[in-house]
file query.csv (CSV, C-alpha atoms)
chain,number,residue,atom,x,y,z
A,260,MET,CA,0.0,0.0,0.0
A,261,ASP,CA,1.7,3.2,-1.2
A,262,PHE,CA,0.0,6.6,-1.0
A,263,ALA,CA,2.7,8.5,-2.8
A,264,PHE,CA,2.8,9.6,-6.4
A,265,THR,CA,5.4,8.0,-8.6
A,266,GLU,CA,8.1,10.3,-10.0
A,267,ASP,CA,6.2,10.4,-13.3
A,268,GLN,CA,2.9,11.2,-11.6
A,269,GLN,CA,4.5,14.0,-9.6
A,270,ASN,CA,6.0,15.3,-12.8
A,271,ILE,CA,2.5,15.4,-14.4
A,272,ARG,CA,1.2,17.4,-11.5
A,273,ASP,CA,4.1,19.9,-11.5
A,274,THR,CA,4.0,20.3,-15.3
A,275,ILE,CA,0.3,21.0,-15.4
A,276,LEU,CA,0.5,23.5,-12.6
A,277,LYS,CA,3.3,25.2,-14.5
A,278,HIS,CA,1.3,25.0,-17.8
A,279,CYS,CA,-1.7,26.6,-16.1
A,280,ALA,CA,0.3,29.5,-14.6
A,281,PRO,CA,-0.3,31.8,-17.6
A,282,TYR,CA,-4.0,31.3,-17.0
A,283,PRO,CA,-4.5,32.7,-13.5
A,284,ASP,CA,-7.7,33.5,-11.6
A,285,GLU,CA,-8.1,36.7,-13.4
A,286,TYR,CA,-8.2,34.9,-16.8
A,287,TRP,CA,-11.0,32.6,-15.6
A,288,LEU,CA,-12.9,35.5,-14.0
A,289,ALA,CA,-12.8,37.3,-17.4
A,290,ARG,CA,-14.0,34.2,-19.2
A,291,ASP,CA,-16.8,33.8,-16.6
A,292,ARG,CA,-17.9,37.4,-17.1
A,293,GLU,CA,-17.8,37.1,-20.9
A,294,GLY,CA,-19.4,33.7,-21.1
A,295,LYS,CA,-16.7,32.8,-23.6
A,296,PHE,CA,-15.2,29.4,-24.2
A,297,PRO,CA,-11.5,29.4,-23.1
A,298,GLU,CA,-10.2,28.6,-26.6
A,299,ASP,CA,-6.6,29.6,-26.0
A,300,PHE,CA,-6.4,27.4,-22.8
A,301,TYR,CA,-8.1,24.5,-24.6
A,302,ARG,CA,-5.8,24.9,-27.6
A,303,SER,CA,-2.7,25.0,-25.4
A,304,MET,CA,-3.6,21.7,-23.7
A,305,ALA,CA,-4.4,20.1,-27.0
A,306,ASP,CA,-1.2,21.2,-28.6
A,307,ALA,CA,0.8,19.9,-25.6
A,308,GLY,CA,-0.8,16.5,-26.0
A,309,TRP,CA,-2.6,16.5,-22.7
A,310,LEU,CA,-6.1,15.6,-24.1
A,311,GLY,CA,-4.9,12.1,-24.9
A,312,ILE,CA,-3.4,11.3,-21.5
A,313,ALA,CA,-5.5,8.2,-21.0
A,314,MET,CA,-5.9,7.1,-24.6
A,315,PRO,CA,-3.7,4.4,-26.3
A,316,GLU,CA,-0.6,5.5,-28.1
A,317,ASP,CA,-1.7,4.0,-31.4
A,318,CYS,CA,-4.7,6.4,-31.4
A,319,GLY,CA,-2.5,9.4,-30.7
A,320,GLY,CA,-2.7,9.3,-26.9
A,321,SER,CA,-0.1,8.9,-24.1
A,322,GLY,CA,-1.2,5.4,-23.0
A,323,LEU,CA,-1.4,6.4,-19.4
A,324,GLY,CA,-4.3,5.7,-17.0
A,325,ILE,CA,-7.3,7.4,-15.4
A,326,THR,CA,-5.0,7.9,-12.3
A,327,GLU,CA,-2.8,10.2,-14.3
A,328,ALA,CA,-5.8,11.8,-15.9
A,329,ALA,CA,-7.2,12.5,-12.4
A,330,ILE,CA,-3.9,14.0,-11.3
A,331,MET,CA,-4.0,16.3,-14.4
A,332,MET,CA,-7.6,17.4,-14.0
A,333,GLN,CA,-7.1,18.0,-10.3
A,334,ALA,CA,-4.1,20.3,-11.0
A,335,VAL,CA,-6.1,22.2,-13.6
A,336,ALA,CA,-8.9,22.9,-11.1
A,337,GLU,CA,-6.5,23.6,-8.3
A,338,SER,CA,-4.6,26.2,-10.4
A,339,GLY,CA,-7.7,28.5,-10.3
A,340,GLY,CA,-9.3,27.1,-13.4
A,341,GLY,CA,-11.9,25.4,-11.3
A,342,MET,CA,-14.7,23.6,-13.1
A,343,ALA,CA,-14.5,26.0,-16.1
A,344,GLY,CA,-10.9,25.0,-16.8
A,345,ALA,CA,-11.6,21.3,-16.1
A,346,SER,CA,-14.8,21.2,-18.1
A,347,SER,CA,-13.3,22.7,-21.1
A,348,ILE,CA,-11.1,19.6,-21.6
A,349,HIS,CA,-13.0,17.1,-19.5
A,350,GLY,CA,-14.8,15.5,-22.4
A,351,PRO,CA,-11.9,14.4,-24.6
A,352,VAL,CA,-10.1,12.9,-21.6
A,353,PHE,CA,-12.9,10.3,-20.7
A,354,SER,CA,-15.7,10.5,-23.3
A,355,MET,CA,-13.8,8.5,-26.0
A,356,GLU,CA,-13.6,5.5,-23.7
A,357,PRO,CA,-16.6,3.8,-25.5
A,358,VAL,CA,-14.8,4.1,-28.8
A,359,ARG,CA,-11.5,2.8,-27.3
A,360,LEU,CA,-13.2,-0.2,-25.8
A,361,PHE,CA,-16.0,-1.0,-28.3
A,362,GLY,CA,-15.1,0.7,-31.5
A,363,THR,CA,-13.6,-1.1,-34.5
A,364,PRO,CA,-10.0,-0.4,-35.4
A,365,GLU,CA,-11.2,1.8,-38.3
A,366,GLN,CA,-13.4,3.8,-35.9
A,367,GLN,CA,-10.7,4.2,-33.4
A,368,GLN,CA,-8.3,5.6,-36.0
A,369,ARG,CA,-10.9,7.8,-37.6
A,370,MET,CA,-12.6,9.2,-34.5
A,371,ILE,CA,-10.1,9.4,-31.7
A,372,PRO,CA,-7.0,11.3,-33.1
A,373,PRO,CA,-8.9,14.4,-34.2
A,374,VAL,CA,-10.4,14.8,-30.7
A,375,LEU,CA,-7.0,14.3,-29.0
A,376,SER,CA,-5.3,16.9,-31.3
A,377,GLY,CA,-8.1,19.4,-30.7
A,378,ALA,CA,-9.1,19.5,-34.3
A,379,GLU,CA,-12.6,18.4,-33.3
A,380,LYS,CA,-14.4,19.3,-30.1
A,381,ILE,CA,-17.0,16.9,-28.7
A,382,CYS,CA,-20.0,16.8,-26.5
A,383,PHE,CA,-21.8,13.9,-24.7
A,384,GLY,CA,-25.5,13.7,-25.5
A,385,VAL,CA,-27.3,11.4,-23.0
A,386,THR,CA,-29.6,13.3,-20.6
A,387,GLU,CA,-33.1,14.4,-21.7
A,388,PRO,CA,-35.7,16.9,-20.4
A,389,ASN,CA,-38.2,14.3,-19.1
A,390,THR,CA,-36.1,11.3,-18.1
A,391,GLY,CA,-33.5,12.6,-15.6
A,392,LEU,CA,-31.3,9.8,-14.3
A,393,ASP,CA,-33.7,7.1,-15.7
A,394,THR,CA,-31.6,6.6,-18.8
A,395,THR,CA,-33.5,3.6,-20.0
A,396,LYS,CA,-36.5,5.8,-20.6
A,397,LEU,CA,-34.8,8.0,-23.2
A,398,LYS,CA,-37.3,9.3,-25.8
A,399,THR,CA,-34.9,10.3,-28.6
A,400,ARG,CA,-35.3,7.8,-31.4
A,401,ALA,CA,-33.1,6.5,-34.2
A,402,VAL,CA,-35.1,4.9,-37.0
A,403,LYS,CA,-33.2,2.7,-39.5
A,404,CYS,CA,-33.0,4.1,-43.1
A,405,ASP,CA,-30.9,3.5,-46.1
A,406,GLY,CA,-27.2,3.6,-45.0
A,407,GLY,CA,-27.9,4.5,-41.4
A,408,TYR,CA,-30.4,6.1,-39.1
A,409,LEU,CA,-32.6,9.2,-38.8
A,410,VAL,CA,-32.5,10.6,-35.2
A,411,THR,CA,-35.2,12.8,-33.7
A,412,GLY,CA,-35.6,14.0,-30.1
A,413,GLU,CA,-34.3,16.4,-27.4
A,414,LYS,CA,-31.3,16.5,-25.1
A,415,ILE,CA,-30.5,18.8,-22.2
A,416,TRP,CA,-27.5,19.9,-20.1
A,417,ILE,CA,-25.2,19.0,-22.9
A,418,THR,CA,-21.8,20.6,-22.1
A,419,ASN,CA,-20.1,22.4,-25.0
A,420,ALA,CA,-22.6,21.5,-27.6
A,421,HIS,CA,-22.6,25.1,-28.9
A,422,VAL,CA,-18.9,24.8,-29.9
A,423,ALA,CA,-18.7,21.0,-30.6
A,424,ASP,CA,-18.0,19.4,-33.9
A,425,LYS,CA,-19.0,15.8,-32.9
A,426,ILE,CA,-21.5,14.3,-30.5
A,427,MET,CA,-21.5,11.0,-28.6
A,428,LEU,CA,-25.2,10.3,-28.8
A,429,LEU,CA,-27.3,7.7,-26.8
A,430,VAL,CA,-30.7,7.0,-28.3
A,431,ARG,CA,-33.4,4.4,-28.6
A,432,THR,CA,-33.3,2.2,-31.7
A,433,THR,CA,-35.9,-0.2,-30.4
A,434,PRO,CA,-39.0,1.0,-28.5
A,435,ILE,CA,-38.9,0.1,-24.8
A,436,GLU,CA,-42.2,-1.8,-25.1
A,437,GLU,CA,-40.6,-4.2,-27.7
A,438,VAL,CA,-37.6,-5.3,-25.6
A,439,GLU,CA,-37.3,-7.9,-22.9
A,440,ARG,CA,-35.3,-5.7,-20.5
A,441,LYS,CA,-35.5,-1.9,-20.4
A,442,THR,CA,-31.7,-1.6,-20.7
A,443,GLN,CA,-32.0,-3.2,-24.2
A,444,GLY,CA,-32.7,-1.3,-27.4
A,445,LEU,CA,-30.5,1.7,-26.7
A,446,SER,CA,-27.7,2.4,-29.2
A,447,LEU,CA,-24.6,4.6,-29.1
A,448,PHE,CA,-23.4,6.8,-32.0
A,449,PHE,CA,-20.4,9.1,-32.4
A,450,THR,CA,-21.2,11.4,-35.3
A,451,THR,CA,-21.0,14.9,-36.8
A,452,LEU,CA,-23.1,17.5,-35.0
A,453,ASP,CA,-25.0,18.7,-38.1
A,454,ARG,CA,-26.3,22.2,-37.1
A,455,THR,CA,-28.8,22.1,-40.0
A,456,LYS,CA,-30.5,19.3,-38.1
A,457,ILE,CA,-29.7,20.1,-34.5
A,458,GLU,CA,-30.7,23.4,-32.9
A,459,HIS,CA,-28.9,24.4,-29.7
A,460,ARG,CA,-30.1,26.8,-27.0
A,461,LEU,CA,-27.7,27.9,-24.2
A,462,ILE,CA,-29.1,27.5,-20.7
A,463,PRO,CA,-28.6,30.6,-18.5
A,464,LYS,CA,-27.1,29.2,-15.3
A,465,MET,CA,-25.5,30.1,-12.0
A,466,GLY,CA,-21.8,29.4,-12.8
A,467,ARG,CA,-19.2,28.1,-15.2
A,468,HIS,CA,-20.3,30.6,-17.8
A,469,ALA,CA,-17.2,30.0,-19.9
A,470,VAL,CA,-18.3,26.5,-20.6
A,471,GLY,CA,-21.9,26.4,-21.9
A,472,SER,CA,-24.7,24.0,-21.1
A,473,THR,CA,-27.3,23.6,-23.8
A,474,MET,CA,-30.6,22.1,-24.9
A,475,LEU,CA,-30.6,20.3,-28.2
A,476,PHE,CA,-33.5,19.9,-30.6
A,477,ILE,CA,-32.7,17.1,-33.1
A,478,ASN,CA,-34.9,16.8,-36.2
A,479,ASP,CA,-34.1,14.0,-38.7
A,480,LEU,CA,-30.4,13.9,-38.1
A,481,PHE,CA,-28.8,11.4,-40.5
A,482,VAL,CA,-26.3,9.2,-38.8
A,483,PRO,CA,-24.3,6.8,-41.0
A,484,GLU,CA,-24.3,3.2,-39.9
A,485,GLU,CA,-20.5,3.3,-39.6
A,486,ASP,CA,-20.8,5.9,-36.8
A,487,ARG,CA,-22.6,3.4,-34.5
A,488,ILE,CA,-20.4,2.2,-31.7
A,489,GLY,CA,-20.8,-1.5,-30.9
A,490,ALA,CA,-23.8,-3.5,-31.8
A,491,GLU,CA,-27.3,-2.0,-32.2
A,492,GLY,CA,-29.1,-2.2,-28.9
A,493,ASP,CA,-26.0,-2.4,-26.7
A,494,GLY,CA,-25.6,1.3,-26.1
A,495,PHE,CA,-26.6,1.2,-22.4
A,496,LYS,CA,-24.1,-1.5,-21.6
A,497,ILE,CA,-21.4,0.4,-23.5
A,498,ILE,CA,-22.1,3.7,-21.9
A,499,LEU,CA,-21.7,2.2,-18.4
A,500,HIS,CA,-18.0,1.8,-19.1
A,501,GLY,CA,-17.6,5.6,-19.2
A,502,LEU,CA,-19.4,6.3,-15.9
A,503,ASN,CA,-16.8,5.3,-13.4
A,504,PRO,CA,-14.0,7.3,-15.1
A,505,GLU,CA,-16.3,10.4,-15.2
A,506,ARG,CA,-17.0,10.1,-11.5
A,507,ILE,CA,-13.3,9.7,-10.7
A,508,LEU,CA,-12.3,12.8,-12.7
A,509,LEU,CA,-15.1,14.9,-11.3
A,510,ALA,CA,-14.0,13.9,-7.8
A,511,ALA,CA,-10.4,14.9,-8.5
A,512,GLU,CA,-11.6,18.2,-9.9
A,513,ALA,CA,-13.8,19.0,-6.9
A,514,VAL,CA,-10.9,18.3,-4.6
A,515,GLY,CA,-8.7,20.6,-6.7
A,516,LEU,CA,-11.3,23.4,-6.6
A,517,GLY,CA,-11.7,23.0,-2.8
A,518,ARG,CA,-7.9,23.2,-2.4
A,519,ALA,CA,-7.8,26.4,-4.4
A,520,ALA,CA,-10.5,27.9,-2.2
A,521,ILE,CA,-8.8,26.9,1.1
A,522,LYS,CA,-5.4,28.2,-0.1
A,523,ARG,CA,-6.9,31.6,-1.0
A,524,ALA,CA,-8.8,31.7,2.4
A,525,ALA,CA,-5.6,30.8,4.4
A,526,THR,CA,-3.7,33.5,2.5
A,527,TYR,CA,-6.4,36.1,3.3
A,528,ALA,CA,-6.5,35.0,7.0
A,529,ARG,CA,-2.8,35.6,7.4
A,530,GLU,CA,-2.9,39.0,5.9
A,531,ARG,CA,-6.3,40.4,7.1
A,532,ILE,CA,-5.7,42.4,10.4
A,533,VAL,CA,-8.7,43.0,12.7
A,534,PHE,CA,-8.4,44.1,16.3
A,535,ASP,CA,-4.6,44.4,15.8
A,536,ARG,CA,-4.1,40.8,14.9
A,537,PRO,CA,-4.5,38.6,11.8
A,538,ILE,CA,-7.8,36.9,11.7
A,539,GLY,CA,-6.0,33.6,11.1
A,540,MET,CA,-5.0,33.6,14.8
A,541,ASN,CA,-8.7,33.0,15.7
A,542,GLN,CA,-9.8,29.4,16.1
A,543,GLY,CA,-13.1,30.4,14.6
A,544,ILE,CA,-11.2,30.8,11.3
A,545,GLN,CA,-8.5,28.2,11.8
A,546,HIS,CA,-10.7,25.2,12.7
A,547,PRO,CA,-13.2,25.3,9.8
A,548,LEU,CA,-10.3,25.7,7.3
A,549,ALA,CA,-8.3,22.9,8.9
A,550,LYS,CA,-11.4,20.6,8.9
A,551,CYS,CA,-11.9,21.3,5.2
A,552,TRP,CA,-8.3,20.5,4.5
A,553,ALA,CA,-8.7,17.1,6.2
A,554,GLN,CA,-11.9,16.3,4.4
A,555,LEU,CA,-10.5,17.2,1.0
A,556,GLU,CA,-7.5,14.9,1.6
A,557,ALA,CA,-9.8,12.0,2.6
A,558,ALA,CA,-11.9,12.5,-0.5
A,559,ASN,CA,-8.7,12.6,-2.6
A,560,LEU,CA,-7.6,9.3,-1.2
A,561,MET,CA,-10.9,7.7,-2.2
A,562,ALA,CA,-10.6,9.2,-5.7
A,563,MET,CA,-7.1,7.9,-6.2
A,564,LYS,CA,-8.1,4.5,-4.9
A,565,ALA,CA,-10.9,4.3,-7.4
A,566,ALA,CA,-8.6,5.4,-10.2
A,567,THR,CA,-6.1,2.8,-9.2
A,568,LEU,CA,-8.7,0.1,-9.2
A,569,PHE,CA,-10.0,1.2,-12.6
A,570,ASP,CA,-6.5,1.2,-14.1
A,571,LYS,CA,-5.9,-2.4,-12.8
A,572,GLY,CA,-9.1,-3.5,-14.4
A,573,GLU,CA,-10.8,-4.2,-11.1
A,574,GLU,CA,-14.4,-3.4,-10.0
A,575,CYS,CA,-14.5,0.2,-8.8
A,576,GLY,CA,-18.1,1.3,-9.0
A,577,VAL,CA,-18.6,1.8,-5.2
A,578,GLU,CA,-15.3,3.6,-4.8
A,579,ALA,CA,-15.8,5.9,-7.9
A,580,ASN,CA,-19.3,6.8,-6.6
A,581,ALA,CA,-18.1,7.3,-3.0
A,582,ALA,CA,-15.2,9.5,-4.3
A,583,LYS,CA,-17.6,11.6,-6.3
A,584,TYR,CA,-19.9,11.9,-3.3
A,585,LEU,CA,-17.2,12.8,-0.8
A,586,ALA,CA,-15.4,15.2,-3.1
A,587,GLY,CA,-18.6,16.9,-4.1
A,588,GLU,CA,-19.8,17.5,-0.6
A,589,PHE,CA,-16.4,18.5,0.8
A,590,GLY,CA,-15.4,20.6,-2.2
A,591,PHE,CA,-18.6,22.6,-1.7
A,592,GLU,CA,-18.0,22.9,2.1
A,593,ALA,CA,-14.4,24.1,1.4
A,594,CYS,CA,-15.6,26.8,-1.0
A,595,HIS,CA,-18.4,27.9,1.3
A,596,THR,CA,-16.0,28.0,4.3
A,597,ALA,CA,-13.5,30.0,2.2
A,598,MET,CA,-16.2,32.5,1.3
A,599,LEU,CA,-17.2,32.9,5.0
A,600,SER,CA,-13.6,33.3,6.0
A,601,LEU,CA,-13.2,36.3,3.8
A,602,GLY,CA,-16.4,37.9,5.2
A,603,GLY,CA,-17.8,40.5,2.9
A,604,MET,CA,-14.9,40.2,0.5
A,605,GLY,CA,-15.8,36.6,-0.1
A,606,TYR,CA,-18.8,38.0,-1.9
A,607,ALA,CA,-16.7,40.2,-4.2
A,608,GLN,CA,-15.7,38.8,-7.6
A,609,GLU,CA,-12.1,40.1,-7.3
A,610,TYR,CA,-11.3,37.6,-4.6
A,611,HIS,CA,-12.6,34.7,-6.7
A,612,VAL,CA,-14.0,32.5,-4.0
A,613,GLU,CA,-17.6,33.4,-5.0
A,614,ARG,CA,-16.8,31.9,-8.4
A,615,TYR,CA,-15.3,28.8,-6.8
A,616,LEU,CA,-18.5,28.5,-4.7
A,617,ARG,CA,-20.8,28.7,-7.7
A,618,GLU,CA,-18.8,26.2,-9.6
A,619,SER,CA,-18.5,23.8,-6.6
A,620,LEU,CA,-22.2,23.1,-7.0
A,621,ILE,CA,-21.5,21.3,-10.3
A,622,PRO,CA,-19.6,18.3,-9.0
A,623,ARG,CA,-21.9,18.2,-6.0
A,624,THR,CA,-25.0,17.9,-8.3
A,625,ALA,CA,-23.9,16.3,-11.6
A,626,PRO,CA,-23.8,13.9,-13.3
A,627,VAL,CA,-25.6,12.0,-10.5
A,628,SER,CA,-27.1,13.5,-7.4
A,629,PRO,CA,-25.6,12.7,-3.9
A,630,HIS,CA,-28.9,11.1,-3.0
A,631,MET,CA,-28.6,8.6,-5.9
A,632,ILE,CA,-25.1,7.8,-4.9
A,633,LEU,CA,-26.2,7.0,-1.3
A,634,ASN,CA,-28.9,4.8,-2.8
A,635,PHE,CA,-26.3,3.0,-4.8
A,636,ILE,CA,-23.9,2.5,-1.9
A,637,ALA,CA,-26.8,1.4,0.4
A,638,GLU,CA,-27.7,-1.3,-2.2
A,639,LYS,CA,-24.2,-2.5,-3.2
A,640,VAL,CA,-22.4,-2.2,0.1
A,641,LEU,CA,-25.0,-2.6,2.8
A,642,ASP,CA,-27.1,-5.1,0.9
A,643,LEU,CA,-30.3,-3.0,1.4
A,644,PRO,CA,-33.3,-3.2,-1.0
A,645,LYS,CA,-33.0,-1.2,-4.2
A,646,SER,CA,-35.0,2.0,-3.7
A,647,TYR,CA,-35.2,3.2,-7.3
call {"tool": "encode", "arguments": {"input": "query.csv", "output": "structure tokens"}}
result
Amino acid sequence: MDFAFTEDQQNIRDTILKHCAPYPDEYWLARDREGKFPEDFYRSMADAGWLGIAMPEDCGGSGLGITEAAIMMQAVAESGGGMAGASSIHGPVFSMEPVRLFGTPEQQQRMIPPVLSGAEKICFGVTEPNTGLDTTKLKTRAVKCDGGYLVTGEKIWITNAHVADKIMLLVRTTPIEEVERKTQGLSLFFTTLDRTKIEHRLIPKMGRHAVGSTMLFINDLFVPEEDRIGAEGDGFKIILHGLNPERILLAAEAVGLGRAAIKRAATYARERIVFDRPIGMNQGIQHPLAKCWAQLEAANLMAMKAATLFDKGEECGVEANAAKYLAGEFGFEACHTAMLSLGGMGYAQEYHVERYLRESLIPRTAPVSPHMILNFIAEKVLDLPKSY
């Protein structure tokens, strides 16, 4: 049992923090105010080869694992980029897992390299307005036609769809009433986001304005048969392989964001003088910040355990979900505590912790709620009856 980074892993962390140095808090505050995608940061990460950290070398990647990807994403968030910085590159790092695992050699060579190089941006089209987390009830349909499928339906909370070139799309190819099990009849496609057939609408939201969330309205989108990943009807089974890496990366990002908040609050507490002494001398400031530090480190250990299990090919569903739960809760508490530690200045944009706090609600809420994670753990670990 070794809790230390390898030399290579430490080099990844140090290199990413150095890479992010030209993109300080002020850069991210400006992108947040403008609601503008951080194209220059995204391009710099793509050009440096970081988007392919967890993809095979024969597809243009680095051939490393989700552990190294988690270290990278955590450093991006911790640098001040927060969820905006992480979300701008999050998709390429994990979303191509279905293609890597289930795509044909031709698909892997055609689909993965342009994403890793930054030539094509992607989005992940699963969630819908009226189904929530009940993925088997998806309403978007793909009907077989000559040479492929025609897709019609709606998607919601699709990150970066307004700037994406490609979409990973989960839809129904067989009506649910015609399958033996509700998990059957869903198919996965990776295809061109044709804006003549897909309308996007940005969703005004609380935070992470630099990385848009959209609603999609799809009307007779033609998808060539060669863009289907895996067998028709196996989409649900395929998509499950991407859920654990996503949770692990989100956990790492939430820890990084919490660390950024605590660091900023501790700096302020050392410098802010009230009643002729720094407020950091007061235990009312010290104890909450120290508690948050401990909580974040515990969450980080669970995230790294989950990542290690995943990279070893072992079952990690419980650990990945637990990591996401702990990091989401503790990351939020760290950002909230940092804001309270700064007092009134914590509410001011120039001190950045209000932006951290707004963004901390993303990993706390998405892509699965803390309540559903607790349901999952209760069922899988405690052997309690399934409640959903």
call {"tool": "residues_near_point", "arguments": {"input": "query.csv", "point": "(-12.0, 18.5, 2.0)", "cutoff": "7 Å", "atoms": "all atoms listed in the file", "output": "ChimeraX atom specification"}}
result
/A:514,517,551-558,586,589-590,593
call {"tool": "closest_atom_pairs", "arguments": {"input": "query.csv", "of": "region 472-512 of chain A", "to": "region 562-573 of chain A", "cutoff": "7 Å", "atoms": "all atoms listed in the file", "output": "Markdown table"}}
result
| residue | atom | partner | partner_atom | distance |
| --- | --- | --- | --- | --- |
| A:Ile507 | CA | A:Ala562 | CA | 5.7 |
| A:Ala510 | CA | A:Ala562 | CA | 6.2 |
| A:Ala511 | CA | A:Ala562 | CA | 6.4 |
call {"tool": "closest_residue", "arguments": {"input": "query.csv", "among": "A:Ala420, A:Ile330, A:Ala401, A:Ile312", "to": "Gly444 (chain A)", "atoms": "all atoms listed in the file"}}
result
A:Ala401
call {"tool": "atom_distance", "arguments": {"input": "query.csv", "atom1": "CA of Thr394 (chain A)", "atom2": "CA of Thr433 (chain A)"}}
result
14.1 Å
call {"tool": "closest_residue", "arguments": {"input": "query.csv", "among": "A:Glu530, A:Glu266, A:Glu298, A:Asp306", "to": "Ser376 (chain A)", "atoms": "only C-alpha atoms"}}
result
A:Asp306
call {"tool": "residues_near_point", "arguments": {"input": "query.csv", "point": "(-15.6, 25.4, 6.8)", "cutoff": "12 Å", "atoms": "only C-alpha atoms", "output": "PyMOL selection string"}}
result
chain A and resi 517+520-521+524-525+542-555+588-601
call {"tool": "residues_around", "arguments": {"input": "query.csv", "residues": "Ala289 (chain A)", "least_positions_apart": "6", "cutoff": "12 Å", "atoms": "all atoms listed in the file", "output": "mmCIF file with C-alpha atoms, keeping the file's coordinate frame"}}
result
data_model
loop_
_atom_site.group_PDB
_atom_site.id
_atom_site.type_symbol
_atom_site.label_atom_id
_atom_site.label_comp_id
_atom_site.auth_asym_id
_atom_site.auth_seq_id
_atom_site.Cartn_x
_atom_site.Cartn_y
_atom_site.Cartn_z
ATOM 1 C CA TYR A 282 -4.000 31.300 -17.000
ATOM 2 C CA PRO A 283 -4.500 32.700 -13.500
ATOM 3 C CA LYS A 295 -16.700 32.800 -23.600
ATOM 4 C CA PHE A 296 -15.200 29.400 -24.200
ATOM 5 C CA PRO A 297 -11.500 29.400 -23.100
ATOM 6 C CA GLY A 340 -9.300 27.100 -13.400
ATOM 7 C CA ALA A 343 -14.500 26.000 -16.100
ATOM 8 C CA ARG A 467 -19.200 28.100 -15.200
ATOM 9 C CA HIS A 468 -20.300 30.600 -17.800
ATOM 10 C CA ALA A 469 -17.200 30.000 -19.900
ATOM 11 C CA GLN A 608 -15.700 38.800 -7.600
ATOM 12 C CA GLU A 609 -12.100 40.100 -7.300
ATOM 13 C CA HIS A 611 -12.600 34.700 -6.700
ATOM 14 C CA ARG A 614 -16.800 31.900 -8.400
#
call {"tool": "residues_around", "arguments": {"input": "query.csv", "residues": "Ile325 (chain A)", "least_positions_apart": "2", "cutoff": "7 Å", "atoms": "all atoms listed in the file", "output": "PyMOL selection string"}}
result
chain A and resi 313+327-329+504+566+570
call {"tool": "atom_distance", "arguments": {"input": "query.csv", "atom1": "CA of Gly407 (chain A)", "atom2": "CA of Leu461 (chain A)"}}
result
29.0 Å
call {"tool": "atom_distance", "arguments": {"input": "query.csv", "atom1": "CA of Ile621 (chain A)", "atom2": "CA of Met465 (chain A)"}}
result
9.8 Å
call {"tool": "residues_around", "arguments": {"input": "query.csv", "residues": "Pro372 (chain A)", "least_positions_apart": "5", "cutoff": "9 Å", "atoms": "all atoms listed in the file", "output": "NGL selection string"}}
result
:A and (311 or 318-320 or 367 or 377-378)
call {"tool": "closest_residue", "arguments": {"input": "query.csv", "among": "A:Asp535, A:Asp486, A:Glu618, A:Glu316", "to": "Val358 (chain A)", "atoms": "only C-alpha atoms"}}
result
A:Asp486
call {"tool": "residues_around", "arguments": {"input": "query.csv", "residues": "Asp393 (chain A)", "least_positions_apart": "3", "cutoff": "12 Å", "atoms": "only C-alpha atoms", "output": "list in words"}}
result
Val385, Thr386, Glu387, Pro388, Asn389, Thr390, Lys396, Leu397, Lys398, Lys441, Thr442, Phe495, Val627, Met631 and Tyr647 of chain A
call {"tool": "closest_residue", "arguments": {"input": "query.csv", "among": "A:Val410, A:Leu310, A:Ile488, A:Ala581", "to": "Ser628 (chain A)", "atoms": "all atoms listed in the file"}}
result
A:Ala581
call {"tool": "closest_residue", "arguments": {"input": "query.csv", "among": "A:Gly344, A:Gly587, A:Pro537, A:Pro351", "to": "Phe383 (chain A)", "atoms": "all atoms listed in the file"}}
result
A:Pro351
call {"tool": "closest_residue", "arguments": {"input": "query.csv", "among": "A:Asp284, A:Glu638, A:Glu613, A:Glu491", "to": "Val577 (chain A)", "atoms": "all atoms listed in the file"}}
result
A:Glu638
call {"tool": "build_atoms", "arguments": {"input": "query.csv", "residues": "region 554-562 of chain A", "atoms": "N, CA and C atoms", "output": "PDB file, in the coordinates of the input"}}
result
ATOM      1  N   GLN A 554     -10.888  16.970   5.209  1.00  0.00           N
ATOM      2  CA  GLN A 554     -11.900  16.300   4.400  1.00  0.00           C
ATOM      3  C   GLN A 554     -11.547  16.188   2.967  1.00  0.00           C
ATOM      4  N   LEU A 555     -10.926  17.218   2.416  1.00  0.00           N
ATOM      5  CA  LEU A 555     -10.500  17.200   1.000  1.00  0.00           C
ATOM      6  C   LEU A 555      -9.450  16.070   0.803  1.00  0.00           C
ATOM      7  N   GLU A 556      -8.526  15.944   1.750  1.00  0.00           N
ATOM      8  CA  GLU A 556      -7.500  14.900   1.600  1.00  0.00           C
ATOM      9  C   GLU A 556      -8.085  13.517   1.682  1.00  0.00           C
ATOM     10  N   ALA A 557      -9.093  13.342   2.536  1.00  0.00           N
ATOM     11  CA  ALA A 557      -9.800  12.000   2.600  1.00  0.00           C
ATOM     12  C   ALA A 557     -10.487  11.723   1.321  1.00  0.00           C
ATOM     13  N   ALA A 558     -11.186  12.702   0.777  1.00  0.00           N
ATOM     14  CA  ALA A 558     -11.900  12.500  -0.500  1.00  0.00           C
ATOM     15  C   ALA A 558     -10.882  12.195  -1.603  1.00  0.00           C
ATOM     16  N   ASN A 559      -9.737  12.838  -1.567  1.00  0.00           N
ATOM     17  CA  ASN A 559      -8.700  12.600  -2.600  1.00  0.00           C
ATOM     18  C   ASN A 559      -8.198  11.170  -2.527  1.00  0.00           C
ATOM     19  N   LEU A 560      -8.026  10.645  -1.331  1.00  0.00           N
ATOM     20  CA  LEU A 560      -7.600   9.300  -1.200  1.00  0.00           C
ATOM     21  C   LEU A 560      -8.570   8.294  -1.831  1.00  0.00           C
ATOM     22  N   MET A 561      -9.864   8.547  -1.628  1.00  0.00           N
ATOM     23  CA  MET A 561     -10.900   7.700  -2.200  1.00  0.00           C
ATOM     24  C   MET A 561     -10.861   7.797  -3.748  1.00  0.00           C
ATOM     25  N   ALA A 562     -10.676   9.023  -4.251  1.00  0.00           N
ATOM     26  CA  ALA A 562     -10.600   9.200  -5.700  1.00  0.00           C
ATOM     27  C   ALA A 562      -9.430   8.468  -6.299  1.00  0.00           C
TER      28      ALA A 562
END
